[in-house]
Amino acid sequence: MFHSNKTLFMALALGLSLTACQKETTQVDPGAGTGTGTTPVPNDGTKVKYIISATPVGSQGVADYLLTADTLTKGTVSTRGTGIEQDGTYRYYVTHKNRFFSLLYGQGNPGAVTTYTVNSAGKLEKVSDFQAETVQVFAPMKDDIVTVKVPRTGNESASFYRIDAASSKVAGEAQVNIVKLAGNGERAHFTWATQVGDKLYAPYMSIKGVAPDAFGTNNPDSAWVAVLSYPSLAVEKVIRDNRTSFIGRYFTNGLTVDEQGDVYAFSSGVATNSGKLTSTKPSAVTRIKAGTTEFDKSYLFNVEQASGGYNLNTHLYVGKGNYILTMSSAAEKGAYVTGKKLAIVNVYNQTFKWVEGMPAVAEITQITTGQNSYSPKDGKTGLMGLTLTDGTSYIYQIDASTAQATRGIKVDGGTITAVNWLTYK
């Protein structure tokens, strides 16, 4: 999962825009039963352990701590004297095949990939630790974690790696020429990747790749999705649309597959040139129907219009067509921000509701993005971390069916950066 505060720091430090990824637990149906409070848990005999990643408050350059809890709806956990400290300042997380992967962002250098499971005693247990290339994309794909190293300048090839989730070893790699892929004099910069059937869909933004405006573009009003074969990772096709700007954002997932196999694509409409917003397209959702490799021209959900001029930043799919969006104001469009207002949209009937029960925007210093948040995909439940201006942090449970937020577990002494879960017996 990507950390929005760390991402912003890195964006400033590197002079570019940054933000596990989509959480996935494939062994159980997490919406099948209910447990403590209203947090759904499986009813097949397995138990759930929630993993909260948090950075100790009042410290800079300090690594995250991994904290565990049996419920997120009540109680307190603390970074003081508990948890597993991570090695390295910038860590990002993804779960797959009931394993928790902690990836170190090496800032250009190779970084550690540490893998955990939950043992029969309900404790996090490290099972693997190895070095891998620093990457900007990491997502579950079949039995693997696919990671992608995407050069923003210089080198014209993006490196795709397959990490076997069971063995925690690199199982293969491939190169994609991103200048050739863009085909417009710029370079394709992958924003994220998503498994769609037996293919890997990788949306990209077109960027100049030249300082001082490496992430600027002369092509602000188009969307592209590269379709890659698997496991060979060869580009088979590019799906194109000119009704929105690019899909997702740098380090931000923009594609989700629903229960019917339809793909929904989220565009913020924030393309810039020389630091100025140049996209004329709205913040909107488009669709690729199951079994097709073309955008559905009959479908466009103009979220910017539905919200009264706000801009979607990140999304969390909670199932049954319902999404939780982070939204920023019209004045912030074009800036790389994660808004602190939450909204519920249903992409099937194109409805929009603001979430009630949240702290005031002015009281929130950080909120976990969709990639860093958790949902059991039960059609209504999302769990997101908030850190407030008074220094307190809580997990909030969002009910998409009522558009209501309820405060849950408190994280004492830490800024929440990600929420995950694993199961055990």
# chains A, B, ... in the order shown; residues from 1 in each chain; ligands from 1
>>> residues_around(residues="A:Tyr230", least_positions_apart="3", cutoff="10 Å", atoms="only C-alpha atoms", output="number ranges by chain")
A: 141-142, 162, 195, 198-200, 227, 233-235
>>> write_last_selection(atoms="N, CA and C atoms", output="PDB file, in the first residue's frame")
ATOM      1  N   MET A 141      -1.326 -10.820  -9.585  1.00  0.00           N
ATOM      2  CA  MET A 141      -1.646 -11.341 -10.907  1.00  0.00           C
ATOM      3  C   MET A 141      -1.514 -12.850 -10.851  1.00  0.00           C
ATOM      4  N   LYS A 142      -2.645 -13.549 -10.934  1.00  0.00           N
ATOM      5  CA  LYS A 142      -2.656 -15.009 -10.826  1.00  0.00           C
ATOM      6  C   LYS A 142      -1.923 -15.447  -9.553  1.00  0.00           C
ATOM      7  N   ARG A 162       7.954 -10.803 -12.343  1.00  0.00           N
ATOM      8  CA  ARG A 162       6.981 -11.701 -11.730  1.00  0.00           C
ATOM      9  C   ARG A 162       7.584 -12.268 -10.452  1.00  0.00           C
ATOM     10  N   GLN A 195      -5.227  -7.378 -12.928  1.00  0.00           N
ATOM     11  CA  GLN A 195      -5.560  -8.614 -13.622  1.00  0.00           C
ATOM     12  C   GLN A 195      -6.980  -8.539 -14.155  1.00  0.00           C
ATOM     13  N   ASP A 198      -7.276 -13.494 -17.940  1.00  0.00           N
ATOM     14  CA  ASP A 198      -5.918 -14.025 -17.931  1.00  0.00           C
ATOM     15  C   ASP A 198      -4.909 -13.029 -18.506  1.00  0.00           C
ATOM     16  N   LYS A 199      -5.330 -11.756 -18.610  1.00  0.00           N
ATOM     17  CA  LYS A 199      -4.446 -10.710 -19.118  1.00  0.00           C
ATOM     18  C   LYS A 199      -4.098  -9.714 -18.007  1.00  0.00           C
ATOM     19  N   LEU A 200      -3.005  -8.983 -18.221  1.00  0.00           N
ATOM     20  CA  LEU A 200      -2.635  -7.902 -17.323  1.00  0.00           C
ATOM     21  C   LEU A 200      -2.941  -6.588 -18.034  1.00  0.00           C
ATOM     22  N   VAL A 227      -2.684  -3.905 -22.928  1.00  0.00           N
ATOM     23  CA  VAL A 227      -3.094  -5.275 -22.611  1.00  0.00           C
ATOM     24  C   VAL A 227      -1.885  -6.179 -22.805  1.00  0.00           C
ATOM     25  N   LEU A 233       4.201 -11.429 -20.657  1.00  0.00           N
ATOM     26  CA  LEU A 233       4.218  -9.976 -20.463  1.00  0.00           C
ATOM     27  C   LEU A 233       4.581  -9.229 -21.742  1.00  0.00           C
ATOM     28  N   ALA A 234       4.002  -9.669 -22.845  1.00  0.00           N
ATOM     29  CA  ALA A 234       4.157  -8.984 -24.129  1.00  0.00           C
ATOM     30  C   ALA A 234       2.917  -8.130 -24.387  1.00  0.00           C
ATOM     31  N   VAL A 235       3.113  -6.915 -24.878  1.00  0.00           N
ATOM     32  CA  VAL A 235       1.987  -6.036 -25.173  1.00  0.00           C
ATOM     33  C   VAL A 235       1.252  -6.560 -26.405  1.00  0.00           C
TER      34      VAL A 235
END
>>> select_by_dssp(residues="stretch 67-244 of chain A", states="alpha helix (DSSP H)", output="PyMOL selection string")
chain A and resi 178-182
>>> select_by_dssp(residues="stretch 204-415 of chain A", states="strand (DSSP E or B)", output="ChimeraX atom specification")
/A:204-207,223-228,235-241,249,252,255-257,263-267,272-273,276-277,284-288,301-302,311-319,322-328,341-346,351-354,356,364-367,374,381-388,393-399,404-412,414-415
>>> closest_residue(among="A:Tyr204, A:Phe215, A:Tyr264, A:Tyr90", to="A:Thr252", atoms="only C-alpha atoms")
A:Tyr204
>>> closest_atom_pairs(of="stretch 355-380 of chain A", to="stretch 316-332 of chain A", cutoff="10 Å", atoms="only C-alpha atoms", output="Markdown table")
| residue | atom | partner | partner_atom | distance |
| --- | --- | --- | --- | --- |
| A:Val355 | CA | A:Ile324 | CA | 8.8 |
| A:Ile367 | CA | A:Thr326 | CA | 8.8 |
| A:Thr368 | CA | A:Thr326 | CA | 9.3 |
| A:Thr369 | CA | A:Thr326 | CA | 7.3 |
| A:Gly370 | CA | A:Leu316 | CA | 4.3 |
| A:Gln371 | CA | A:Leu316 | CA | 6.9 |
| A:Asn372 | CA | A:Leu316 | CA | 8.9 |
| A:Ser373 | CA | A:Leu316 | CA | 7.2 |
| A:Tyr374 | CA | A:Leu316 | CA | 7.7 |
| A:Ser375 | CA | A:Val318 | CA | 5.5 |
| A:Pro376 | CA | A:Val318 | CA | 6.8 |
| A:Lys377 | CA | A:Val318 | CA | 4.4 |
| A:Asp378 | CA | A:Gly319 | CA | 5.6 |
| A:Gly379 | CA | A:Gly319 | CA | 4.0 |
| A:Lys380 | CA | A:Val318 | CA | 5.7 |
>>> closest_residue(among="A:Ile145, A:Ala306, A:Leu104, A:Ile364", to="A:Val345", atoms="only C-alpha atoms")
A:Ala306
